[in-house]
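So this block is input35.csv, CSV, C-alpha atoms and all ligand atoms:
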chain,number,residue,atom,x,y,z
N,30,MET,CA,123.7,119.7,114.3
N,31,ASP,CA,120.8,120.7,112.0
N,32,GLU,CA,117.3,119.3,112.2
N,33,ALA,CA,117.8,116.7,109.4
N,34,ALA,CA,121.0,115.4,110.9
N,35,ALA,CA,119.4,115.2,114.4
N,36,MET,CA,116.5,113.2,113.1
N,37,THR,CA,118.8,110.8,111.3
N,38,GLU,CA,120.9,110.3,114.4
N,39,ALA,CA,117.8,109.8,116.6
N,40,ALA,CA,116.4,107.3,114.1
N,41,LYS,CA,119.7,105.4,114.2
N,42,ARG,CA,119.7,105.3,118.0
N,43,CYS,CA,116.1,104.0,118.2
N,44,GLY,CA,116.7,101.2,115.6
N,45,GLU,CA,120.0,100.0,117.0
N,46,GLY,CA,120.5,96.3,116.5
N,47,ARG,CA,116.9,95.5,115.8
N,48,GLY,CA,115.1,93.8,112.9
N,49,PRO,CA,116.2,91.8,109.9
N,50,PRO,CA,118.3,93.3,107.0
N,51,LYS,CA,116.3,95.9,105.1
N,52,ALA,CA,114.7,95.0,101.8
N,53,VAL,CA,116.4,96.6,98.8
N,54,VAL,CA,113.9,99.2,97.5
N,55,ARG,CA,114.8,101.3,94.5
N,56,TRP,CA,112.9,104.3,95.8
N,57,GLY,CA,112.9,106.5,92.7
N,58,ARG,CA,111.5,103.6,90.6
N,59,ARG,CA,109.0,102.7,93.3
N,60,ALA,CA,107.8,106.3,93.6
N,61,TRP,CA,107.3,106.6,89.9
N,62,GLU,CA,105.4,103.3,89.7
N,63,LEU,CA,103.0,104.5,92.4
N,64,LEU,CA,102.5,108.0,90.9
N,65,GLU,CA,101.9,106.4,87.5
N,66,ALA,CA,99.4,104.0,89.0
N,67,VAL,CA,97.6,106.9,90.8
N,68,ARG,CA,97.4,108.7,87.4
N,69,ARG,CA,96.1,105.6,85.7
N,70,ARG,CA,93.7,104.4,88.3
N,71,ALA,CA,92.6,107.8,89.8
N,72,PRO,CA,91.8,106.4,93.3
N,73,LEU,CA,88.7,107.9,94.8
N,74,VAL,CA,89.7,109.5,98.1
N,75,GLN,CA,87.0,110.5,100.5
N,76,CYS,CA,88.2,113.5,102.5
N,77,ILE,CA,86.8,114.5,105.8
N,78,THR,CA,89.1,117.4,106.3
N,79,ASN,CA,89.3,120.9,107.9
N,80,PHE,CA,87.8,124.0,106.2
N,81,VAL,CA,91.2,125.6,105.9
N,82,SER,CA,92.7,122.8,103.9
N,83,MET,CA,89.8,121.7,101.6
N,84,ASP,CA,90.9,123.6,98.5
N,85,LEU,CA,94.6,122.7,98.7
N,86,VAL,CA,93.8,119.0,99.6
N,87,ALA,CA,91.4,118.6,96.6
N,88,ASN,CA,93.8,120.4,94.2
N,89,ALA,CA,96.8,118.4,95.3
N,90,LEU,CA,94.9,115.2,94.9
N,91,LEU,CA,93.7,116.2,91.4
N,92,ALA,CA,97.2,117.4,90.4
N,93,ALA,CA,98.6,113.9,91.4
N,94,GLY,CA,95.9,112.2,89.3
N,95,ALA,CA,93.6,111.1,92.2
N,96,SER,CA,89.9,111.8,92.6
N,97,PRO,CA,88.9,113.8,95.7
N,98,ALA,CA,85.5,113.9,97.3
N,99,MET,CA,84.9,116.2,100.3
N,100,ILE,CA,82.0,114.3,101.8
N,101,HIS,CA,81.5,114.5,105.5
N,102,SER,CA,77.8,114.2,106.3
N,103,LEU,CA,77.0,111.3,108.7
N,104,SER,CA,73.9,110.6,106.5
N,105,GLU,CA,76.2,109.8,103.5
N,106,ILE,CA,78.9,107.7,105.1
N,107,ASP,CA,77.2,104.2,104.8
N,108,ASP,CA,76.5,104.8,101.1
N,109,PHE,CA,79.6,106.5,100.1
N,110,THR,CA,82.6,105.4,102.2
N,111,PRO,CA,82.6,101.7,101.0
N,112,ARG,CA,82.9,103.1,97.4
N,113,ALA,CA,86.0,105.1,98.2
N,114,ASP,CA,89.5,103.6,97.6
N,115,ALA,CA,90.9,105.4,100.6
N,116,ILE,CA,89.7,107.8,103.3
N,117,LEU,CA,91.4,110.8,104.8
N,118,ILE,CA,90.3,111.9,108.3
N,119,ASN,CA,91.8,115.3,109.4
N,120,VAL,CA,90.7,116.8,112.7
N,121,GLY,CA,91.9,120.3,112.0
N,122,THR,CA,88.6,122.1,112.5
N,123,LEU,CA,87.0,119.5,114.7
N,124,SER,CA,83.5,120.0,116.0
N,125,ASP,CA,80.9,118.0,118.0
N,126,GLY,CA,78.9,117.6,114.8
N,127,TRP,CA,81.7,116.2,112.7
N,128,LEU,CA,83.3,113.7,115.1
N,129,PRO,CA,80.5,111.1,114.7
N,130,SER,CA,81.0,111.3,110.9
N,131,MET,CA,84.8,110.7,111.4
N,132,ARG,CA,84.2,107.7,113.6
N,133,ALA,CA,81.5,106.3,111.3
N,134,ALA,CA,83.8,106.7,108.2
N,135,ALA,CA,86.7,105.0,110.0
N,136,ALA,CA,84.5,102.1,111.0
N,137,ALA,CA,82.9,101.9,107.5
N,138,ALA,CA,86.4,101.9,106.0
N,139,ALA,CA,87.4,99.0,108.2
N,140,ARG,CA,84.3,97.0,107.3
N,141,ALA,CA,84.9,97.6,103.6
N,142,GLY,CA,88.6,96.8,103.9
N,143,ARG,CA,89.6,100.3,102.7
N,144,PRO,CA,92.7,102.0,104.1
N,145,TRP,CA,92.1,105.2,106.0
N,146,VAL,CA,94.7,107.8,107.0
N,147,LEU,CA,94.6,110.1,110.1
N,148,ASP,CA,95.9,113.6,110.4
N,149,PRO,CA,95.8,114.5,114.1
N,150,VAL,CA,96.1,118.3,113.7
N,151,ALA,CA,96.9,120.0,116.9
N,152,VAL,CA,96.0,116.9,118.9
N,153,SER,CA,97.2,118.3,122.2
N,154,ALA,CA,95.2,121.6,121.9
N,155,SER,CA,92.3,120.3,124.0
N,156,ASP,CA,91.1,117.3,125.9
N,157,PHE,CA,88.2,117.0,123.4
N,158,ARG,CA,90.6,116.8,120.5
N,159,LEU,CA,92.9,114.4,122.2
N,160,GLU,CA,90.1,112.1,123.2
N,161,ALA,CA,88.7,112.3,119.6
N,162,CYS,CA,92.1,111.4,118.2
N,163,LEU,CA,92.6,108.5,120.6
N,164,SER,CA,89.2,107.1,119.7
N,165,LEU,CA,90.1,107.3,116.0
N,166,VAL,CA,93.5,105.6,116.5
N,167,GLY,CA,91.5,102.8,118.1
N,168,LEU,CA,89.6,102.4,114.8
N,169,ARG,CA,92.8,101.2,113.1
N,170,PRO,CA,94.1,103.8,110.7
N,171,ALA,CA,96.5,102.5,108.1
N,172,VAL,CA,98.7,105.6,108.4
N,173,ILE,CA,99.0,108.4,110.9
N,174,ARG,CA,100.8,111.6,109.6
N,175,GLY,CA,101.6,114.6,111.8
N,176,ASN,CA,104.2,117.1,112.5
N,177,PRO,CA,106.7,116.3,115.4
N,178,SER,CA,104.6,118.0,118.1
N,179,GLU,CA,101.5,116.1,117.0
N,180,ILE,CA,103.2,112.7,116.9
N,181,LEU,CA,104.9,113.4,120.3
N,182,GLY,CA,101.5,114.4,121.8
N,183,LEU,CA,99.6,111.5,120.4
N,184,SER,CA,102.2,108.9,121.2
N,185,SER,CA,102.6,110.1,124.7
N,186,ALA,CA,98.8,110.0,125.3
N,187,CYS,CA,98.7,106.5,123.9
N,188,ARG,CA,101.4,105.4,126.2
N,189,ILE,CA,99.8,106.9,129.3
N,190,ARG,CA,96.5,105.3,128.4
N,191,ASP,CA,98.0,101.9,127.8
N,192,SER,CA,100.3,102.1,130.8
N,193,LYS,CA,99.9,100.3,134.1
N,194,GLY,CA,101.4,103.3,135.9
N,195,VAL,CA,105.0,102.3,135.4
N,196,ASP,CA,107.5,105.2,135.2
N,197,SER,CA,108.8,104.3,131.8
N,198,SER,CA,105.5,105.6,130.2
N,199,HIS,CA,106.6,109.1,131.1
N,200,GLU,CA,110.2,109.0,129.8
N,201,PRO,CA,110.9,111.8,127.3
N,202,MET,CA,111.5,110.6,123.8
N,203,ASP,CA,112.2,112.4,120.6
N,204,ALA,CA,109.8,112.3,117.7
N,205,VAL,CA,111.4,109.3,116.1
N,206,GLY,CA,111.1,107.2,119.3
N,207,ALA,CA,107.6,108.5,119.7
N,208,ALA,CA,106.7,107.6,116.2
N,209,LYS,CA,108.0,104.0,116.6
N,210,SER,CA,106.1,103.7,119.9
N,211,LEU,CA,102.9,105.0,118.3
N,212,ALA,CA,103.3,102.7,115.3
N,213,GLN,CA,103.7,99.7,117.7
N,214,ALA,CA,100.7,100.7,119.8
N,215,SER,CA,98.4,101.5,116.9
N,216,GLY,CA,99.4,99.1,114.2
N,217,ALA,CA,99.6,102.1,111.8
N,218,ILE,CA,102.5,103.3,109.7
N,219,VAL,CA,103.5,106.6,111.4
N,220,ALA,CA,105.0,109.5,109.5
N,221,VAL,CA,106.5,112.6,111.0
N,222,SER,CA,106.9,115.5,108.6
N,223,GLY,CA,109.7,118.0,108.7
N,224,ALA,CA,113.0,118.8,107.0
N,225,VAL,CA,113.4,115.1,106.8
N,226,ASP,CA,110.1,113.2,106.9
N,227,VAL,CA,110.5,110.1,109.0
N,228,ILE,CA,108.3,107.1,108.3
N,229,THR,CA,108.1,104.0,110.5
N,230,ASP,CA,106.2,100.8,111.0
N,231,GLY,CA,107.5,100.5,114.5
N,232,ARG,CA,110.6,98.6,113.4
N,233,GLN,CA,112.0,100.0,110.2
N,234,VAL,CA,112.6,103.7,109.9
N,235,VAL,CA,112.7,105.4,106.5
N,236,GLY,CA,113.7,109.1,105.8
N,237,ALA,CA,112.2,111.1,102.9
N,238,HIS,CA,114.5,114.0,102.2
N,239,ASN,CA,112.7,116.0,99.5
N,240,GLY,CA,111.0,119.3,100.3
N,241,VAL,CA,111.7,123.0,100.9
N,242,ALA,CA,111.4,124.9,104.2
N,243,MET,CA,109.0,127.4,102.7
N,244,MET,CA,106.3,124.7,102.6
N,245,GLN,CA,105.8,125.5,106.3
N,246,ARG,CA,104.8,129.0,105.3
N,247,ILE,CA,101.8,127.7,103.3
N,248,THR,CA,98.9,126.6,105.4
N,249,ALA,CA,97.7,123.0,104.9
N,250,THR,CA,100.7,121.6,103.1
N,251,GLY,CA,100.7,118.9,105.8
N,252,CYS,CA,97.0,118.3,105.3
N,253,ALA,CA,97.6,118.0,101.5
N,254,VAL,CA,100.5,115.5,101.9
N,255,THR,CA,98.4,113.4,104.2
N,256,ALA,CA,95.7,113.2,101.5
N,257,LEU,CA,98.4,112.3,98.9
N,258,ILE,CA,99.5,109.5,101.3
N,259,ALA,CA,95.9,108.2,101.2
N,260,ALA,CA,95.9,108.2,97.4
N,261,PHE,CA,99.2,106.3,97.3
N,262,VAL,CA,98.2,103.8,100.0
N,263,ALA,CA,95.0,103.1,98.0
N,264,ILE,CA,97.2,101.8,95.2
N,265,ASP,CA,99.1,99.3,97.4
N,266,PRO,CA,97.6,98.9,100.8
N,267,PRO,CA,99.8,96.0,102.0
N,268,ASN,CA,102.9,98.2,101.4
N,269,ALA,CA,101.8,101.3,103.2
N,270,LEU,CA,105.3,102.1,104.5
N,271,GLU,CA,106.6,102.4,101.0
N,272,ALA,CA,103.6,104.2,99.7
N,273,THR,CA,103.7,106.7,102.5
N,274,ALA,CA,107.4,107.5,102.0
N,275,CYS,CA,106.9,107.8,98.3
N,276,ALA,CA,104.0,110.2,98.7
N,277,LEU,CA,105.9,112.4,101.0
N,278,SER,CA,108.9,112.5,98.7
N,279,ILE,CA,106.9,113.2,95.6
N,280,PHE,CA,105.2,116.1,97.3
N,281,GLY,CA,108.5,117.4,98.5
N,282,LEU,CA,109.9,117.0,95.0
N,283,ALA,CA,107.0,119.0,93.6
N,284,ALA,CA,107.8,121.8,96.1
N,285,GLU,CA,111.5,121.7,95.1
N,286,LEU,CA,110.6,122.2,91.4
N,287,GLY,CA,108.0,124.8,92.3
N,288,MET,CA,110.5,126.7,94.4
N,289,ALA,CA,112.6,127.3,91.3
N,290,MET,CA,109.8,129.5,89.9
N,291,ALA,CA,108.3,130.9,93.2
N,292,LYS,CA,108.6,134.4,94.6
N,293,GLY,CA,107.1,133.5,98.0
N,294,PRO,CA,104.6,131.2,99.7
N,295,ALA,CA,101.6,132.2,97.5
N,296,SER,CA,103.4,131.5,94.2
N,297,LEU,CA,105.0,128.4,95.7
N,298,ARG,CA,101.5,127.0,96.4
N,299,MET,CA,100.6,127.5,92.7
N,300,HIS,CA,103.9,126.2,91.3
N,301,MET,CA,104.1,123.2,93.5
N,302,ILE,CA,100.6,122.1,92.3
N,303,ASP,CA,101.7,122.7,88.7
N,304,SER,CA,104.9,120.7,89.3
N,305,LEU,CA,103.0,117.8,90.9
N,306,HIS,CA,100.9,117.7,87.8
N,307,GLY,CA,103.9,117.7,85.5
N,308,LEU,CA,106.2,115.3,87.2
N,309,ASP,CA,107.9,112.9,84.7
N,310,GLU,CA,109.6,109.6,85.1
N,311,HIS,CA,113.1,110.8,84.7
N,312,THR,CA,112.7,113.6,87.3
N,313,VAL,CA,111.0,111.2,89.8
N,314,ALA,CA,113.5,108.4,89.3
N,315,SER,CA,116.5,110.6,89.6
N,316,ARG,CA,115.4,113.1,92.3
N,317,VAL,CA,113.3,111.1,94.8
N,318,ASN,CA,115.5,111.0,97.9
N,319,ILE,CA,114.4,108.2,100.3
N,320,SER,CA,116.6,105.9,102.4
N,321,PHE,CA,116.4,103.5,105.2
N,322,ILE,CA,117.9,105.2,108.3
N,323,ALA,CA,117.3,102.5,110.8
A,1,LIG,N1,112.1,122.4,107.0
A,1,LIG,C1,111.5,121.8,106.0
A,1,LIG,N2,112.2,121.5,104.8
A,1,LIG,C2,111.6,120.8,103.8
A,1,LIG,N3,110.3,120.4,103.8
A,1,LIG,C3,109.6,120.6,104.9
A,1,LIG,C4,110.1,121.3,106.0
A,1,LIG,N4,109.2,121.4,107.0
A,1,LIG,C5,108.1,120.8,106.5
A,1,LIG,N5,108.3,120.3,105.3
A,1,LIG,C6,107.4,119.7,104.4
A,1,LIG,O1,106.2,120.4,104.4
A,1,LIG,C7,105.0,119.6,104.4
A,1,LIG,C8,104.2,119.9,105.6
A,1,LIG,O2,104.8,119.5,106.8
A,1,LIG,P1,104.5,120.2,108.2
A,1,LIG,O3,105.4,119.5,109.2
A,1,LIG,O4,104.7,121.7,108.0
A,1,LIG,O5,103.0,119.8,108.4
A,1,LIG,P2,101.9,120.4,109.3
A,1,LIG,O6,102.5,121.1,110.5
A,1,LIG,O7,100.9,119.4,109.6
A,1,LIG,O8,101.2,121.5,108.3
A,1,LIG,P3,99.7,122.0,108.2
A,1,LIG,O9,99.0,121.7,109.5
A,1,LIG,O10,99.8,123.4,107.9
A,1,LIG,O11,99.0,121.3,107.1
A,1,LIG,C9,105.5,118.2,104.4
A,1,LIG,O12,105.5,117.7,103.1
A,1,LIG,C10,107.0,118.3,104.9
A,1,LIG,O13,107.8,117.3,104.3
A,2,LIG,C1,95.3,126.8,110.5
A,2,LIG,C2,94.5,125.7,110.8
A,2,LIG,N1,93.6,125.7,111.9
A,2,LIG,C3,92.9,124.6,112.0
A,2,LIG,S1,93.3,123.4,110.8
A,2,LIG,C4,94.4,124.5,110.0
A,2,LIG,C5,95.1,124.1,108.8
A,2,LIG,C6,96.4,123.5,109.0
A,2,LIG,O1,96.4,122.3,109.7
A,3,MG,MG,99.0,119.6,110.1
Here is the file; what I need is its structure written in the form of structure tokens.
Ligand SMILES: Nc1ncnc2c1ncn2[C@@H]1O[C@H](COP(=O)(O)OP(=O)(O)OP(=O)(O)O)[C@@H](O)[C@H]1O
Ligand SMILES: Cc1ncsc1CCO
Ligand SMILES: [Mg+2]
Amino acid sequence: MDEAAAMTEAAKRCGEGRGPPKAVVRWGRRAWELLEAVRRRAPLVQCITNFVSMDLVANALLAAGASPAMIHSLSEIDDFTPRADAILINVGTLSDGWLPSMRAAAAAAARAGRPWVLDPVAVSASDFRLEACLSLVGLRPAVIRGNPSEILGLSSACRIRDSKGVDSSHEPMDAVGAAKSLAQASGAIVAVSGAVDVITDGRQVVGAHNGVAMMQRITATGCAVTALIAAFVAIDPPNALEATACALSIFGLAAELGMAMAKGPASLRMHMIDSLHGLDEHTVASRVNISFIA
């Protein structure tokens, strides 16, 4: 079984028999509405992100029509964060100096009623990073987006922390189960990126099927799509599950279109930004591929 089929099967298993009937969402239409609103309203997205990703994150946001601001000084958080429409916090090149800014921005976002999105890059790389991510999860992100290893690591750490020492905290779960568990523990929408992006609120599970494998050969595509999620959630914070799925699918679609012109990762990076900028209604409505899978 390939990775996409395995993810779908796992999602079905985890959702068996639970929850009310799924709302009817016309995903292509919804994705276009959100992209069009991003272009019209140009949400200001404050990005506290890693050094590797800053360029791609800012350019992806601009290509989608949003307005990026790479502002991370602790001295600027109180003034600036309440003015942002959404905040991205990405721990990729975490340092002692930046962590207080991240915590302050998350707290300021909460006070101002702004959604913020967490990218827990390499969360299991060190105790420092894990503790930092756990403390950030406690500051109520609207969305957490990571690759399968990151979501498994973070979810497992949350379960151990919350557990009363019962054995079930240590049962192995696949990334879909881990995502649902993390969503339930944190109150966030959780997105796991991959061949199929899986998005869950802890109950419903949605799959976003757009994208190309070569995206993994470009550093910071994950960071960029997390930023795009922040821009989409800024448009419709109460419907963060839909906004997250649409952002992932739109980014994947831009990569599909870019792949038709690319010779390798470097030119794909360029062509996917061009394609994101040029997306039109017909292409989005007809090619966005999202479905409820549990
Ligand atoms: N096999 C694949 N097929 C299609 N799209 C993929 C595949 N793997 C990843 N993607 C897409 O690539 C983007 C980045 O996902 P990935 O899981 O590589 O993130 P990441 O590991 O956090 O990356 P980074 O840390 O470099 O930013 C997402 O938009 C995802 O949908
Ligand atoms: C390569 C790398 N190292 C720290 S952050 C980053 C970018 C991808 O997350
Ligand atoms: Mg990443």
May I have the residues within 6 Å of ligand LIG 1 (chain A), computed using all atoms listed in the file, as a list in words?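 Residues lying within 6 Å of ligand LIG 1 (chain A): Gly175, Asn176, Ser222, Gly223, Ala224, Asp226, Gly240, Val241, Ala242, Met244, Gln245, Thr248, Ala249, Thr250, Gly251, Cys252, Val254, Leu277 and Gly281 of chain N.
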Selection file, C-alpha atoms, as a PDB file, keeping the file's coordinate frame:
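The result, stored in selection_25.pdb:
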ATOM      1  CA  GLY N 175     101.600 114.600 111.800  1.00  0.00           C
ATOM      2  CA  ASN N 176     104.200 117.100 112.500  1.00  0.00           C
ATOM      3  CA  SER N 222     106.900 115.500 108.600  1.00  0.00           C
ATOM      4  CA  GLY N 223     109.700 118.000 108.700  1.00  0.00           C
ATOM      5  CA  ALA N 224     113.000 118.800 107.000  1.00  0.00           C
ATOM      6  CA  ASP N 226     110.100 113.200 106.900  1.00  0.00           C
ATOM      7  CA  GLY N 240     111.000 119.300 100.300  1.00  0.00           C
ATOM      8  CA  VAL N 241     111.700 123.000 100.900  1.00  0.00           C
ATOM      9  CA  ALA N 242     111.400 124.900 104.200  1.00  0.00           C
ATOM     10  CA  MET N 244     106.300 124.700 102.600  1.00  0.00           C
ATOM     11  CA  GLN N 245     105.800 125.500 106.300  1.00  0.00           C
ATOM     12  CA  THR N 248      98.900 126.600 105.400  1.00  0.00           C
ATOM     13  CA  ALA N 249      97.700 123.000 104.900  1.00  0.00           C
ATOM     14  CA  THR N 250     100.700 121.600 103.100  1.00  0.00           C
ATOM     15  CA  GLY N 251     100.700 118.900 105.800  1.00  0.00           C
ATOM     16  CA  CYS N 252      97.000 118.300 105.300  1.00  0.00           C
ATOM     17  CA  VAL N 254     100.500 115.500 101.900  1.00  0.00           C
ATOM     18  CA  LEU N 277     105.900 112.400 101.000  1.00  0.00           C
ATOM     19  CA  GLY N 281     108.500 117.400  98.500  1.00  0.00           C
TER      20      GLY N 281
END
Using all atoms listed in the file, the best pick from N:His238, N:Arg143, N:Lys209, N:Arg158 as closest to N:Leu181 would be N:Lys209
For ligand LIG 2 (chain A), list the contacting residues at 12 Å or closer, counting all atoms listed in the file, as a VMD selection string. chain N and resid 78 to 86 119 to 124 148 to 152 154 158 174 to 176 179 244 to 255
I'd like to know which of N:Ser96, N:Ala256, N:Val235, N:Met243 is closest to ligand MG 3 (chain A), using all atoms listed in the file.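 Answer, going by the shortest atom-to-atom distance: N:Ala256.
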Near N:Gly231, counting all atoms listed in the file, which residues have an atom at most 7 Å away, once you skip same-chain residues fewer than 4 positions from it, shown as a list in words?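 Counting all atoms listed in the file, the residues come to Lys209, Ser210, Ala212 and Gln213 of chain N.
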Mind dumping the selected residues with C-alpha atoms as a PDB file, in the frame of the given file?
ATOM      1  CA  LYS N 209     108.000 104.000 116.600  1.00  0.00           C
ATOM      2  CA  SER N 210     106.100 103.700 119.900  1.00  0.00           C
ATOM      3  CA  ALA N 212     103.300 102.700 115.300  1.00  0.00           C
ATOM      4  CA  GLN N 213     103.700  99.700 117.700  1.00  0.00           C
TER       5      GLN N 213
END
If you count only C-alpha atoms, which residues fall within 12 Å of N:Pro111, apart from same-chain ones fewer than 2 positions away, as a ChimeraX atom specification? /N:73-75,105-109,113-116,133-145
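If you measure from each of N:Leu163, N:Leu91, N:Arg59, N:Pro177 to ligand MG 3 (chain A) using only C-alpha atoms and all ligand atoms, the closest one turns out to be N:Pro177.
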Compare N:Ile118, N:Val67, N:Ala269, N:Ile322 by their minimum atom-to-atom distance to ligand MG 3 (chain A), counting all atoms listed in the file, and give me the closest one.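 Ranked by minimum distance to ligand MG 3 (chain A), first place goes to N:Ile118.
Our summary of the geometry notes that atom CA of N:Asp303 is positioned 26.3 Å from atom CA of N:Ser320.
Put simply, atom CA of N:Met301 is 5.1 Å away from atom CA of N:Ala283.
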Of the candidates N:Ile180, N:Ile302, N:Ala284, N:Ala71, which shows the shortest atom-to-atom distance to ligand MG 3 (chain A), using only C-alpha atoms and all ligand atoms?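 Between N:Ile180, N:Ile302, N:Ala284, N:Ala71, the residue approaching ligand MG 3 (chain A) most closely is N:Ile180.
Nearest to ligand MG 3 (chain A) of all the residues N:Val221, N:Thr312, N:His306, N:Ser184 is N:Val221, counting all atoms listed in the file.
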Quick check, in Å to one decimal: how far apart do atom CA of N:Ser178 and atom CA of N:Ala220 lie?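 Straight-line distance from atom CA of N:Ser178 to atom CA of N:Ala220 works out to 12.1 Å.
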Got a sec to check which residues sit within 12 Å of (112.1, 108.8, 104.8), counting only C-alpha atoms, and write them as a ChimeraX atom specification? /N:33,36-37,40,56,205,219-230,233-240,270-279,281,317-323
As a list of chain:residue names, please: the residues near N:Val166 (cut-off 8 Å, only C-alpha atoms, same-chain neighbours under 4 positions excluded).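 Near neighbours after the sequence-gap exclusion: N:Leu147, N:Cys162, N:Pro170, N:Ser215.
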Go ahead and write the residues just picked, C-alpha atoms, as a short mmCIF file (atom, residue, chain, number, x, y, z; two decimals), in the frame of the given file.
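Below is the file that was written, part05.cif:
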data_model
loop_
_atom_site.label_atom_id
_atom_site.label_comp_id
_atom_site.auth_asym_id
_atom_site.auth_seq_id
_atom_site.Cartn_x
_atom_site.Cartn_y
_atom_site.Cartn_z
CA LEU N 147 94.60 110.10 110.10
CA CYS N 162 92.10 111.40 118.20
CA PRO N 170 94.10 103.80 110.70
CA SER N 215 98.40 101.50 116.90
#
